[in-house]
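Raw contents of work_1.pdb, PDB, C-alpha atoms, pLDDT in the B column:
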```
MODEL        1
ATOM      1  CA  GLN A 727      -1.171  29.233 -35.560  1.00 45.00           C
ATOM      2  CA  PRO A 728      -2.679  27.010 -32.787  1.00 46.00           C
ATOM      3  CA  GLU A 729      -1.546  23.887 -34.636  1.00 45.00           C
ATOM      4  CA  GLU A 730       2.012  25.203 -34.864  1.00 44.00           C
ATOM      5  CA  ASP A 731       2.013  26.008 -31.135  1.00 43.00           C
ATOM      6  CA  ASN A 732       0.831  22.512 -30.279  1.00 42.00           C
ATOM      7  CA  GLU A 733       3.525  20.981 -32.451  1.00 40.00           C
ATOM      8  CA  LYS A 734       6.251  23.080 -30.833  1.00 41.00           C
ATOM      9  CA  PHE A 735       4.955  22.249 -27.355  1.00 34.00           C
ATOM     10  CA  SER A 736       4.924  18.503 -28.012  1.00 36.00           C
ATOM     11  CA  THR A 737       8.505  18.476 -29.222  1.00 34.00           C
ATOM     12  CA  LYS A 738       9.718  20.207 -26.082  1.00 36.00           C
ATOM     13  CA  MET A 739       7.894  17.952 -23.608  1.00 35.00           C
ATOM     14  CA  GLU A 740       9.654  14.804 -22.409  1.00 43.00           C
ATOM     15  CA  MET A 741       6.935  12.176 -22.532  1.00 42.00           C
ATOM     16  CA  PRO A 742       6.733   9.648 -19.679  1.00 49.00           C
ATOM     17  CA  PRO A 743       7.444   5.983 -20.459  1.00 50.00           C
ATOM     18  CA  ASP A 744       4.705   3.651 -21.635  1.00 49.00           C
ATOM     19  CA  THR A 745       2.577   3.026 -18.556  1.00 45.00           C
ATOM     20  CA  THR A 746       0.296   0.335 -19.944  1.00 44.00           C
ATOM     21  CA  LYS A 747       2.635  -2.635 -20.414  1.00 50.00           C
ATOM     22  CA  GLY A 748       6.052  -4.043 -19.567  1.00 62.00           C
ATOM     23  CA  ARG A 749       7.687  -3.926 -16.149  1.00 86.00           C
ATOM     24  CA  LEU A 750       9.009  -1.196 -13.916  1.00 91.00           C
ATOM     25  CA  SER A 751      12.046   0.656 -15.226  1.00 93.00           C
ATOM     26  CA  PRO A 752      15.290   0.783 -13.202  1.00 93.00           C
ATOM     27  CA  VAL A 753      14.435   4.368 -12.164  1.00 94.00           C
ATOM     28  CA  GLU A 754      10.978   3.302 -10.968  1.00 95.00           C
ATOM     29  CA  ARG A 755      12.369   0.309  -9.069  1.00 94.00           C
ATOM     30  CA  ARG A 756      14.872   2.555  -7.253  1.00 94.00           C
ATOM     31  CA  GLN A 757      12.043   4.827  -6.139  1.00 95.00           C
ATOM     32  CA  VAL A 758       9.946   1.844  -5.010  1.00 95.00           C
ATOM     33  CA  ALA A 759      12.868   0.506  -2.966  1.00 93.00           C
ATOM     34  CA  ALA A 760      13.325   3.948  -1.390  1.00 95.00           C
ATOM     35  CA  LEU A 761       9.601   4.129  -0.584  1.00 95.00           C
ATOM     36  CA  PHE A 762       9.694   0.719   1.131  1.00 93.00           C
ATOM     37  CA  ASP A 763      12.799   1.782   3.045  1.00 92.00           C
ATOM     38  CA  THR A 764      10.911   4.875   4.234  1.00 94.00           C
ATOM     39  CA  PHE A 765       7.473   3.417   5.012  1.00 93.00           C
ATOM     40  CA  VAL A 766       8.846   0.195   6.568  1.00 88.00           C
ATOM     41  CA  PRO A 767      12.401   1.121   7.624  1.00 87.00           C
ATOM     42  CA  PRO A 768      14.896  -1.361   9.040  1.00 84.00           C
ATOM     43  CA  LEU A 769      15.486  -0.859  12.741  1.00 81.00           C
ATOM     44  CA  GLU A 770      18.343  -1.318  15.155  1.00 83.00           C
ATOM     45  CA  ARG A 771      17.888  -4.133  17.658  1.00 83.00           C
ATOM     46  CA  SER A 772      17.106  -1.781  20.556  1.00 84.00           C
ATOM     47  CA  GLU A 773      14.507   0.012  18.434  1.00 77.00           C
ATOM     48  CA  ALA A 774      12.917  -3.288  17.376  1.00 75.00           C
ATOM     49  CA  VAL A 775      12.684  -4.507  20.978  1.00 79.00           C
ATOM     50  CA  ALA A 776      11.156  -1.214  22.145  1.00 81.00           C
ATOM     51  CA  LEU A 777       8.605  -1.290  19.321  1.00 75.00           C
ATOM     52  CA  LEU A 778       7.546  -4.868  20.093  1.00 72.00           C
ATOM     53  CA  GLU A 779       7.288  -4.137  23.828  1.00 75.00           C
ATOM     54  CA  GLU A 780       5.051  -1.160  23.133  1.00 75.00           C
ATOM     55  CA  ALA A 781       2.853  -2.927  20.591  1.00 70.00           C
ATOM     56  CA  ASP A 782       2.632  -6.424  22.065  1.00 66.00           C
ATOM     57  CA  GLY A 783       2.014  -6.494  25.770  1.00 61.00           C
ATOM     58  CA  THR A 784       2.162 -10.317  25.909  1.00 60.00           C
ATOM     59  CA  GLY A 785       5.860 -10.514  26.714  1.00 63.00           C
ATOM     60  CA  ASN A 786       6.306 -13.020  23.895  1.00 71.00           C
ATOM     61  CA  ILE A 787       9.219 -11.210  22.248  1.00 76.00           C
ATOM     62  CA  THR A 788      11.398 -13.819  20.569  1.00 78.00           C
ATOM     63  CA  GLU A 789      14.614 -13.459  18.592  1.00 79.00           C
ATOM     64  CA  LYS A 790      12.677 -14.411  15.462  1.00 75.00           C
ATOM     65  CA  ARG A 791      10.245 -11.551  15.945  1.00 73.00           C
ATOM     66  CA  ILE A 792      13.041  -9.083  16.671  1.00 76.00           C
ATOM     67  CA  ALA A 793      14.866 -10.104  13.496  1.00 78.00           C
ATOM     68  CA  SER A 794      11.651  -9.707  11.514  1.00 74.00           C
ATOM     69  CA  VAL A 795      11.182  -6.118  12.681  1.00 73.00           C
ATOM     70  CA  MET A 796      14.845  -5.259  12.102  1.00 77.00           C
ATOM     71  CA  ARG A 797      14.711  -6.411   8.493  1.00 79.00           C
ATOM     72  CA  GLY A 798      12.643  -3.560   7.061  1.00 79.00           C
ATOM     73  CA  GLY A 799      10.444  -3.603   3.983  1.00 78.00           C
ATOM     74  CA  ALA A 800      12.805  -3.053   1.049  1.00 79.00           C
ATOM     75  CA  THR A 801      13.063  -6.733   0.072  1.00 83.00           C
ATOM     76  CA  GLU A 802      13.226  -8.168  -3.440  1.00 85.00           C
ATOM     77  CA  GLU A 803       9.996 -10.082  -2.935  1.00 85.00           C
ATOM     78  CA  ALA A 804       8.196  -6.902  -1.781  1.00 87.00           C
ATOM     79  CA  ILE A 805       9.408  -4.935  -4.804  1.00 89.00           C
ATOM     80  CA  ALA A 806       8.352  -7.806  -7.083  1.00 89.00           C
ATOM     81  CA  ALA A 807       4.914  -7.898  -5.420  1.00 88.00           C
ATOM     82  CA  PHE A 808       4.575  -4.126  -5.904  1.00 91.00           C
ATOM     83  CA  GLU A 809       5.411  -4.569  -9.589  1.00 91.00           C
ATOM     84  CA  ASP A 810       2.904  -7.412  -9.975  1.00 89.00           C
ATOM     85  CA  ALA A 811       0.211  -5.313  -8.312  1.00 88.00           C
ATOM     86  CA  VAL A 812       0.817  -2.412 -10.696  1.00 89.00           C
ATOM     87  CA  PHE A 813       0.578  -4.497 -13.860  1.00 89.00           C
ATOM     88  CA  ASP A 814      -1.762  -7.312 -12.852  1.00 85.00           C
ATOM     89  CA  HIS A 815      -4.259  -5.761 -10.439  1.00 83.00           C
ATOM     90  CA  LEU A 816      -4.573  -2.027 -11.044  1.00 84.00           C
ATOM     91  CA  LEU A 817      -6.661  -0.515 -13.784  1.00 85.00           C
ATOM     92  CA  ALA A 818      -4.628   0.838 -16.704  1.00 88.00           C
ATOM     93  CA  ALA A 819      -5.373   4.443 -15.705  1.00 89.00           C
ATOM     94  CA  GLU A 820      -4.392   3.771 -12.077  1.00 89.00           C
ATOM     95  CA  ALA A 821      -1.156   2.071 -13.138  1.00 90.00           C
ATOM     96  CA  ALA A 822      -0.364   5.011 -15.416  1.00 92.00           C
ATOM     97  CA  GLU A 823      -0.855   7.531 -12.603  1.00 92.00           C
ATOM     98  CA  LEU A 824       1.225   5.481 -10.186  1.00 92.00           C
ATOM     99  CA  ARG A 825       4.099   5.117 -12.637  1.00 94.00           C
ATOM    100  CA  LEU A 826       3.924   8.809 -13.436  1.00 94.00           C
ATOM    101  CA  ALA A 827       4.355   9.535  -9.711  1.00 95.00           C
ATOM    102  CA  LEU A 828       7.347   7.158  -9.556  1.00 95.00           C
ATOM    103  CA  ASN A 829       8.976   8.822 -12.560  1.00 95.00           C
ATOM    104  CA  LEU A 830       8.410  12.260 -11.044  1.00 95.00           C
ATOM    105  CA  LEU A 831      10.065  11.076  -7.838  1.00 95.00           C
ATOM    106  CA  GLY A 832      12.982   9.797  -9.926  1.00 95.00           C
ATOM    107  CA  SER A 833      13.982  13.242 -11.185  1.00 94.00           C
ATOM    108  CA  ARG A 834      15.150  16.373  -9.397  1.00 93.00           C
ATOM    109  CA  ALA A 835      12.431  18.675 -10.684  1.00 93.00           C
ATOM    110  CA  GLY A 836       9.727  16.006 -10.473  1.00 94.00           C
ATOM    111  CA  ALA A 837      10.498  15.109  -6.847  1.00 95.00           C
ATOM    112  CA  ALA A 838      10.564  18.795  -5.935  1.00 94.00           C
ATOM    113  CA  LEU A 839       7.198  19.322  -7.646  1.00 94.00           C
ATOM    114  CA  LEU A 840       5.504  16.275  -6.154  1.00 94.00           C
ATOM    115  CA  THR A 841       6.761  16.769  -2.585  1.00 95.00           C
ATOM    116  CA  GLY A 842       7.206  20.544  -2.346  1.00 93.00           C
ATOM    117  CA  HIS A 843      10.724  20.084  -0.936  1.00 94.00           C
ATOM    118  CA  VAL A 844      12.517  22.067  -3.627  1.00 92.00           C
ATOM    119  CA  PHE A 845      15.963  22.609  -2.133  1.00 91.00           C
ATOM    120  CA  VAL A 846      16.295  19.022  -0.895  1.00 92.00           C
ATOM    121  CA  PHE A 847      15.676  17.359  -4.247  1.00 91.00           C
ATOM    122  CA  LEU A 848      17.254  19.842  -6.628  1.00 87.00           C
ATOM    123  CA  ARG A 849      20.625  18.675  -5.319  1.00 87.00           C
ATOM    124  CA  SER A 850      19.790  14.968  -5.714  1.00 89.00           C
ATOM    125  CA  GLU A 851      20.676  13.313  -9.010  1.00 89.00           C
ATOM    126  CA  GLU A 852      18.398  10.342  -8.236  1.00 91.00           C
ATOM    127  CA  GLY A 853      15.494  12.381  -6.930  1.00 93.00           C
ATOM    128  CA  PHE A 854      13.615  10.783  -4.026  1.00 95.00           C
ATOM    129  CA  ALA A 855      15.938   7.762  -3.841  1.00 94.00           C
ATOM    130  CA  GLY A 856      19.034   9.935  -3.627  1.00 94.00           C
ATOM    131  CA  VAL A 857      18.415  11.623  -0.267  1.00 95.00           C
ATOM    132  CA  SER A 858      18.511  10.385   3.319  1.00 94.00           C
ATOM    133  CA  ARG A 859      15.669   8.479   4.953  1.00 93.00           C
ATOM    134  CA  SER A 860      14.880  11.370   7.298  1.00 94.00           C
ATOM    135  CA  GLU A 861      14.589  13.718   4.306  1.00 95.00           C
ATOM    136  CA  ARG A 862      12.341  11.217   2.524  1.00 95.00           C
ATOM    137  CA  GLU A 863      10.145  10.901   5.619  1.00 95.00           C
ATOM    138  CA  ALA A 864       9.785  14.684   5.832  1.00 96.00           C
ATOM    139  CA  ALA A 865       8.867  14.855   2.140  1.00 96.00           C
ATOM    140  CA  LEU A 866       6.190  12.143   2.490  1.00 96.00           C
ATOM    141  CA  LEU A 867       4.690  13.838   5.555  1.00 96.00           C
ATOM    142  CA  THR A 868       4.454  17.074   3.572  1.00 96.00           C
ATOM    143  CA  MET A 869       2.662  15.227   0.755  1.00 95.00           C
ATOM    144  CA  ALA A 870       0.237  13.616   3.216  1.00 95.00           C
ATOM    145  CA  SER A 871      -0.881  16.948   4.675  1.00 94.00           C
ATOM    146  CA  SER A 872      -0.556  19.078   1.544  1.00 95.00           C
ATOM    147  CA  SER A 873      -3.351  21.434   0.513  1.00 95.00           C
ATOM    148  CA  LEU A 874      -2.809  20.229  -3.065  1.00 94.00           C
ATOM    149  CA  ALA A 875      -4.974  17.224  -3.913  1.00 94.00           C
ATOM    150  CA  PHE A 876      -2.526  15.657  -6.374  1.00 93.00           C
ATOM    151  CA  ARG A 877       0.162  15.426  -3.674  1.00 95.00           C
ATOM    152  CA  ARG A 878      -2.192  13.827  -1.148  1.00 95.00           C
ATOM    153  CA  LYS A 879      -3.509  11.400  -3.769  1.00 94.00           C
ATOM    154  CA  ALA A 880      -0.002  10.328  -4.766  1.00 94.00           C
ATOM    155  CA  PHE A 881       1.019   9.861  -1.124  1.00 95.00           C
ATOM    156  CA  HIS A 882      -1.948   7.652  -0.226  1.00 94.00           C
ATOM    157  CA  ALA A 883      -1.665   5.549  -3.388  1.00 92.00           C
ATOM    158  CA  LEU A 884       2.044   4.891  -2.795  1.00 94.00           C
ATOM    159  CA  LYS A 885       1.640   4.319   0.951  1.00 93.00           C
ATOM    160  CA  ARG A 886      -1.205   1.823   0.605  1.00 91.00           C
ATOM    161  CA  LEU A 887       0.434  -0.223  -2.108  1.00 91.00           C
ATOM    162  CA  CYS A 888       3.774  -0.277  -0.282  1.00 91.00           C
ATOM    163  CA  LEU A 889       2.284  -1.370   3.044  1.00 89.00           C
ATOM    164  CA  VAL A 890       0.043  -4.026   1.497  1.00 87.00           C
ATOM    165  CA  THR A 891       2.797  -5.591  -0.583  1.00 87.00           C
ATOM    166  CA  ALA A 892       5.385  -5.313   2.213  1.00 86.00           C
ATOM    167  CA  THR A 893       3.199  -7.406   4.513  1.00 83.00           C
ATOM    168  CA  ALA A 894       1.798  -9.782   1.890  1.00 82.00           C
ATOM    169  CA  ALA A 895       4.783 -10.613  -0.329  1.00 82.00           C
ATOM    170  CA  ILE A 896       5.891 -14.238   0.057  1.00 82.00           C
ATOM    171  CA  ASP A 897       9.553 -15.215   0.193  1.00 78.00           C
ATOM    172  CA  PRO A 898       9.842 -18.134  -2.285  1.00 79.00           C
ATOM    173  CA  HIS A 899      12.529 -19.781  -0.134  1.00 77.00           C
ATOM    174  CA  THR A 900      10.536 -19.816   3.113  1.00 75.00           C
ATOM    175  CA  GLY A 901       6.937 -19.632   1.892  1.00 80.00           C
ATOM    176  CA  ARG A 902       6.313 -16.845   4.398  1.00 79.00           C
ATOM    177  CA  ASN A 903       6.297 -13.082   4.583  1.00 79.00           C
ATOM    178  CA  ALA A 904       9.218 -11.540   6.430  1.00 72.00           C
ATOM    179  CA  HIS A 905       6.930  -9.499   8.708  1.00 77.00           C
ATOM    180  CA  TRP A 906       4.586 -12.257   9.849  1.00 79.00           C
ATOM    181  CA  ASP A 907       6.929 -13.196  12.680  1.00 76.00           C
ATOM    182  CA  ALA A 908       6.937  -9.607  13.952  1.00 74.00           C
ATOM    183  CA  ALA A 909       3.144  -9.685  14.195  1.00 72.00           C
ATOM    184  CA  ALA A 910       3.129 -13.251  15.567  1.00 72.00           C
ATOM    185  CA  TYR A 911       0.867 -14.125  12.637  1.00 75.00           C
ATOM    186  CA  GLU A 912       0.385 -17.705  11.481  1.00 75.00           C
ATOM    187  CA  PRO A 913      -1.626 -18.061   8.264  1.00 73.00           C
ATOM    188  CA  ARG A 914      -4.384 -20.644   8.326  1.00 68.00           C
ATOM    189  CA  ASP A 915      -5.166 -23.060   5.540  1.00 63.00           C
ATOM    190  CA  VAL A 916      -8.260 -21.660   3.836  1.00 52.00           C
ATOM    191  CA  ALA A 917      -8.318 -23.955   0.823  1.00 54.00           C
ATOM    192  CA  ALA A 918     -10.220 -26.784   2.529  1.00 53.00           C
ATOM    193  CA  ARG A 919     -12.376 -24.642   4.818  1.00 55.00           C
ATOM    194  CA  GLU A 920     -15.960 -23.687   4.167  1.00 54.00           C
ATOM    195  CA  PRO A 921     -16.934 -20.036   4.733  1.00 50.00           C
ATOM    196  CA  ALA A 922     -18.183 -19.482   8.273  1.00 50.00           C
ATOM    197  CA  TYR A 923     -21.186 -17.490   7.076  1.00 49.00           C
ATOM    198  CA  LYS A 924     -23.251 -18.692   4.100  1.00 50.00           C
ATOM    199  CA  GLY A 925     -26.256 -16.426   4.093  1.00 50.00           C
ATOM    200  CA  ASP A 926     -28.583 -14.066   5.941  1.00 51.00           C
ATOM    201  CA  ASP A 927     -29.964 -15.181   9.307  1.00 51.00           C
ATOM    202  CA  ASP A 928     -31.162 -13.662  12.569  1.00 48.00           C
ATOM    203  CA  SER A 929     -27.702 -13.597  14.160  1.00 51.00           C
ATOM    204  CA  TRP A 930     -26.183 -11.299  11.531  1.00 58.00           C
ATOM    205  CA  PRO A 931     -25.343  -8.516  11.652  1.00 61.00           C
ATOM    206  CA  LEU A 932     -24.309  -8.191  15.277  1.00 64.00           C
ATOM    207  CA  VAL A 933     -25.629  -4.817  16.410  1.00 59.00           C
ATOM    208  CA  GLY A 934     -24.226  -3.153  19.505  1.00 58.00           C
ATOM    209  CA  ALA A 935     -22.353  -6.274  20.604  1.00 58.00           C
ATOM    210  CA  GLU A 936     -19.745  -4.363  22.563  1.00 64.00           C
ATOM    211  CA  THR A 937     -18.488  -7.312  24.630  1.00 64.00           C
ATOM    212  CA  THR A 938     -18.576  -9.984  21.943  1.00 69.00           C
ATOM    213  CA  SER A 939     -15.244 -11.636  21.141  1.00 76.00           C
ATOM    214  CA  LEU A 940     -14.876 -12.930  17.590  1.00 78.00           C
ATOM    215  CA  LYS A 941     -12.000 -14.521  15.713  1.00 81.00           C
ATOM    216  CA  CYS A 942     -11.375 -14.047  12.012  1.00 85.00           C
ATOM    217  CA  ASP A 943      -8.715 -13.849   9.337  1.00 86.00           C
ATOM    218  CA  VAL A 944      -9.535 -10.344   8.123  1.00 87.00           C
ATOM    219  CA  VAL A 945     -11.350  -7.310   9.534  1.00 90.00           C
ATOM    220  CA  VAL A 946     -12.776  -4.923   6.944  1.00 90.00           C
ATOM    221  CA  VAL A 947     -13.637  -1.490   8.337  1.00 91.00           C
ATOM    222  CA  GLY A 948     -16.484   0.065   6.372  1.00 86.00           C
ATOM    223  CA  THR A 949     -19.038  -1.687   4.170  1.00 82.00           C
ATOM    224  CA  GLY A 950     -19.306   0.839   1.366  1.00 81.00           C
ATOM    225  CA  CYS A 951     -18.628   0.200  -2.297  1.00 79.00           C
ATOM    226  CA  GLY A 952     -15.015  -0.712  -1.583  1.00 81.00           C
ATOM    227  CA  GLY A 953     -15.187  -2.567   1.727  1.00 82.00           C
ATOM    228  CA  SER A 954     -18.216  -4.661   0.799  1.00 83.00           C
ATOM    229  CA  VAL A 955     -16.579  -5.946  -2.394  1.00 81.00           C
ATOM    230  CA  VAL A 956     -13.322  -6.767  -0.595  1.00 83.00           C
ATOM    231  CA  ALA A 957     -15.197  -8.594   2.192  1.00 85.00           C
ATOM    232  CA  ALA A 958     -17.295 -10.586  -0.285  1.00 83.00           C
ATOM    233  CA  LYS A 959     -14.289 -11.679  -2.358  1.00 81.00           C
ATOM    234  CA  LEU A 960     -12.307 -12.714   0.723  1.00 84.00           C
ATOM    235  CA  ALA A 961     -15.268 -14.664   2.140  1.00 83.00           C
ATOM    236  CA  LYS A 962     -15.786 -16.397  -1.197  1.00 81.00           C
ATOM    237  CA  ALA A 963     -12.120 -17.405  -1.172  1.00 78.00           C
ATOM    238  CA  GLY A 964     -12.607 -19.132   2.193  1.00 79.00           C
ATOM    239  CA  PHE A 965     -11.357 -16.508   4.629  1.00 83.00           C
ATOM    240  CA  GLU A 966     -13.291 -15.696   7.774  1.00 86.00           C
ATOM    241  CA  VAL A 967     -14.186 -12.016   7.466  1.00 87.00           C
ATOM    242  CA  ILE A 968     -15.718  -9.542   9.900  1.00 88.00           C
ATOM    243  CA  SER A 969     -17.010  -6.247   8.509  1.00 87.00           C
ATOM    244  CA  CYS A 970     -17.366  -3.263  10.847  1.00 86.00           C
ATOM    245  CA  GLU A 971     -19.835  -0.531   9.994  1.00 84.00           C
ATOM    246  CA  LYS A 972     -20.734   2.568  11.993  1.00 83.00           C
ATOM    247  CA  ALA A 973     -23.952   3.279  10.087  1.00 81.00           C
ATOM    248  CA  ALA A 974     -27.304   1.601  10.752  1.00 76.00           C
ATOM    249  CA  ALA A 975     -27.764  -2.035   9.734  1.00 72.00           C
ATOM    250  CA  HIS A 976     -29.890  -2.775   6.662  1.00 70.00           C
ATOM    251  CA  SER A 977     -31.078  -6.049   5.157  1.00 68.00           C
ATOM    252  CA  LEU A 978     -31.674  -6.839   1.507  1.00 65.00           C
ATOM    253  CA  GLY A 979     -35.400  -6.150   1.947  1.00 67.00           C
ATOM    254  CA  ASP A 980     -34.687  -2.522   2.834  1.00 70.00           C
ATOM    255  CA  PHE A 981     -33.533  -1.818  -0.725  1.00 66.00           C
ATOM    256  CA  LYS A 982     -36.297  -1.540  -3.320  1.00 64.00           C
ATOM    257  CA  ALA A 983     -34.015  -1.067  -6.336  1.00 57.00           C
ATOM    258  CA  ARG A 984     -35.735   2.212  -7.140  1.00 57.00           C
ATOM    259  CA  SER A 985     -34.034   5.560  -7.456  1.00 50.00           C
ATOM    260  CA  SER A 986     -35.380   8.361  -5.274  1.00 48.00           C
TER     261      SER A 986
ENDMDL
END
```
Could you express the structure from this file as structure tokens?
Amino acid sequence: QPEEDNEKFSTKMEMPPDTTKGRLSPVERRQVAALFDTFVPPLERSEAVALLEEADGTGNITEKRIASVMRGGATEEAIAAFEDAVFDHLLAAEAAELRLALNLLGSRAGAALLTGHVFVFLRSEEGFAGVSRSEREAALLTMASSSLAFRRKAFHALKRLCLVTATAAIDPHTGRNAHWDAAAYEPRDVAAREPAYKGDDDSWPLVGAETTSLKCDVVVVGTGCGGSVVAAKLAKAGFEVISCEKAAAHSLGDFKARSS
């Protein structure tokens, strides 16, 4: 009897697409575009100017920077970078979970389940991508603060990947990211530069240096199992990296390689 039940159950379930190979499906790409449009929305000129004035403080608000902010994040290069990240950089299990979330967002019932906004998405034939930006924003905010762990996990995974790829994707025609102008960011050539820090010495780490001014390419907040690996890989690639850690400073000699 249990075997018969399992067989009946499997025939009724609609299995998700293969999440281990290939590229994003048209449904998934529509949801990714909608996510970019929600996390990094295009702005009207007045909104872009107000945002730059609030965030900058230098008065250096050029037409190029305004246009960069107005553009928004739903660009072809950003969607392509998101797709590359899913298939080339995530673990197979992580890619499978992320694509499952995208496919849930692409259906009425799935979007309602994942966001908790039942009445909004049950009327949308394209799920998340088929409603207004304000409705998508409300749904994402609900996911972010949900008491259900799977909703919060999906929100943070989608948010982080969208924001990283939106600000890192390179336009093949210009060789730049569309948002670098908004941040007044000019990338430096790291290929021919030696790492600024090559080993342990008395000047590192800087402890309690509240008034010290340092310049770098990347700031990594937290030196745990994630931040330390990211900082090490970036430094090895030639970037100047500063790691910030709230906990006490420890040197290699403090660790005896023995379990307690």
Given the PyMOL selection byres ((chain A and resi 864) around 12), the residues it picks as a ChimeraX atom specification: /A:764-765,841-843,846-847,854,857-863,865-871
Two-atom distance - atom CA of Val944 of chain A, atom CA of Trp906 of chain A (Å): 14.4 Å
Determine the residue membership of the PyMOL selection byres ((chain A and resi 903) around 12) for the file above and supply it as a PDB file with C-alpha atoms, in the frame of the given file.
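The resulting expr31.pdb:
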```pdb
ATOM      1  CA  SER A 794      11.651  -9.707  11.514  1.00 74.00           C
ATOM      2  CA  VAL A 795      11.182  -6.118  12.681  1.00 73.00           C
ATOM      3  CA  ARG A 797      14.711  -6.411   8.493  1.00 79.00           C
ATOM      4  CA  GLY A 798      12.643  -3.560   7.061  1.00 79.00           C
ATOM      5  CA  GLY A 799      10.444  -3.603   3.983  1.00 78.00           C
ATOM      6  CA  THR A 801      13.063  -6.733   0.072  1.00 83.00           C
ATOM      7  CA  GLU A 802      13.226  -8.168  -3.440  1.00 85.00           C
ATOM      8  CA  GLU A 803       9.996 -10.082  -2.935  1.00 85.00           C
ATOM      9  CA  ALA A 804       8.196  -6.902  -1.781  1.00 87.00           C
ATOM     10  CA  ALA A 807       4.914  -7.898  -5.420  1.00 88.00           C
ATOM     11  CA  VAL A 890       0.043  -4.026   1.497  1.00 87.00           C
ATOM     12  CA  THR A 891       2.797  -5.591  -0.583  1.00 87.00           C
ATOM     13  CA  ALA A 892       5.385  -5.313   2.213  1.00 86.00           C
ATOM     14  CA  THR A 893       3.199  -7.406   4.513  1.00 83.00           C
ATOM     15  CA  ALA A 894       1.798  -9.782   1.890  1.00 82.00           C
ATOM     16  CA  ALA A 895       4.783 -10.613  -0.329  1.00 82.00           C
ATOM     17  CA  ILE A 896       5.891 -14.238   0.057  1.00 82.00           C
ATOM     18  CA  ASP A 897       9.553 -15.215   0.193  1.00 78.00           C
ATOM     19  CA  PRO A 898       9.842 -18.134  -2.285  1.00 79.00           C
ATOM     20  CA  HIS A 899      12.529 -19.781  -0.134  1.00 77.00           C
ATOM     21  CA  THR A 900      10.536 -19.816   3.113  1.00 75.00           C
ATOM     22  CA  GLY A 901       6.937 -19.632   1.892  1.00 80.00           C
ATOM     23  CA  ARG A 902       6.313 -16.845   4.398  1.00 79.00           C
ATOM     24  CA  ALA A 904       9.218 -11.540   6.430  1.00 72.00           C
ATOM     25  CA  HIS A 905       6.930  -9.499   8.708  1.00 77.00           C
ATOM     26  CA  TRP A 906       4.586 -12.257   9.849  1.00 79.00           C
ATOM     27  CA  ASP A 907       6.929 -13.196  12.680  1.00 76.00           C
ATOM     28  CA  ALA A 908       6.937  -9.607  13.952  1.00 74.00           C
ATOM     29  CA  ALA A 909       3.144  -9.685  14.195  1.00 72.00           C
ATOM     30  CA  ALA A 910       3.129 -13.251  15.567  1.00 72.00           C
ATOM     31  CA  TYR A 911       0.867 -14.125  12.637  1.00 75.00           C
ATOM     32  CA  GLU A 912       0.385 -17.705  11.481  1.00 75.00           C
ATOM     33  CA  PRO A 913      -1.626 -18.061   8.264  1.00 73.00           C
TER      34      PRO A 913
END
```
Coordinates-based distance that separates atom CA of Leu778 of chain A from atom CA of Ile792 of chain A (Å, one decimal): 7.7 Å
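Distance-wise, atom CA of Ser969 of chain A and atom CA of Val947 of chain A end up 5.8 Å apart.
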Near-Glu852 of chain A list (8 Å; all atoms listed in the file; drop same-chain fewer than 2 positions) as a ChimeraX atom specification: /A:832-834,850,854-856
Just-selected residues, C-alpha atoms written as a short mmCIF file (atom, residue, chain, number, x, y, z; two decimals), keeping the file's coordinate frame:
```
data_model
loop_
_atom_site.label_atom_id
_atom_site.label_comp_id
_atom_site.auth_asym_id
_atom_site.auth_seq_id
_atom_site.Cartn_x
_atom_site.Cartn_y
_atom_site.Cartn_z
CA GLY A 832 12.98 9.80 -9.93
CA SER A 833 13.98 13.24 -11.18
CA ARG A 834 15.15 16.37 -9.40
CA SER A 850 19.79 14.97 -5.71
CA PHE A 854 13.62 10.78 -4.03
CA ALA A 855 15.94 7.76 -3.84
CA GLY A 856 19.03 9.94 -3.63
#
```
Protein, DNA and RNA residues within 10 Å of (15.0, -4.5, 18.4), all atoms listed in the file, as JSON, numbers by chain: {"A": [768, 769, 770, 771, 772, 773, 774, 775, 776, 777, 778, 779, 787, 789, 791, 792, 793, 794, 795, 796]}
Could you save those same residues with C-alpha atoms as a PDB file, in the frame of the given file?
```
ATOM      1  CA  PRO A 768      14.896  -1.361   9.040  1.00 84.00           C
ATOM      2  CA  LEU A 769      15.486  -0.859  12.741  1.00 81.00           C
ATOM      3  CA  GLU A 770      18.343  -1.318  15.155  1.00 83.00           C
ATOM      4  CA  ARG A 771      17.888  -4.133  17.658  1.00 83.00           C
ATOM      5  CA  SER A 772      17.106  -1.781  20.556  1.00 84.00           C
ATOM      6  CA  GLU A 773      14.507   0.012  18.434  1.00 77.00           C
ATOM      7  CA  ALA A 774      12.917  -3.288  17.376  1.00 75.00           C
ATOM      8  CA  VAL A 775      12.684  -4.507  20.978  1.00 79.00           C
ATOM      9  CA  ALA A 776      11.156  -1.214  22.145  1.00 81.00           C
ATOM     10  CA  LEU A 777       8.605  -1.290  19.321  1.00 75.00           C
ATOM     11  CA  LEU A 778       7.546  -4.868  20.093  1.00 72.00           C
ATOM     12  CA  GLU A 779       7.288  -4.137  23.828  1.00 75.00           C
ATOM     13  CA  ILE A 787       9.219 -11.210  22.248  1.00 76.00           C
ATOM     14  CA  GLU A 789      14.614 -13.459  18.592  1.00 79.00           C
ATOM     15  CA  ARG A 791      10.245 -11.551  15.945  1.00 73.00           C
ATOM     16  CA  ILE A 792      13.041  -9.083  16.671  1.00 76.00           C
ATOM     17  CA  ALA A 793      14.866 -10.104  13.496  1.00 78.00           C
ATOM     18  CA  SER A 794      11.651  -9.707  11.514  1.00 74.00           C
ATOM     19  CA  VAL A 795      11.182  -6.118  12.681  1.00 73.00           C
ATOM     20  CA  MET A 796      14.845  -5.259  12.102  1.00 77.00           C
TER      21      MET A 796
END
```
Distance query Leu884 of chain A at most 12 Å, only C-alpha atoms, self and fewer than 2 positions along chain excluded, as an NGL selection string: :A and (757-762 or 764-765 or 808 or 811-812 or 820-821 or 823-828 or 831 or 866 or 869-870 or 877-882 or 886-892)
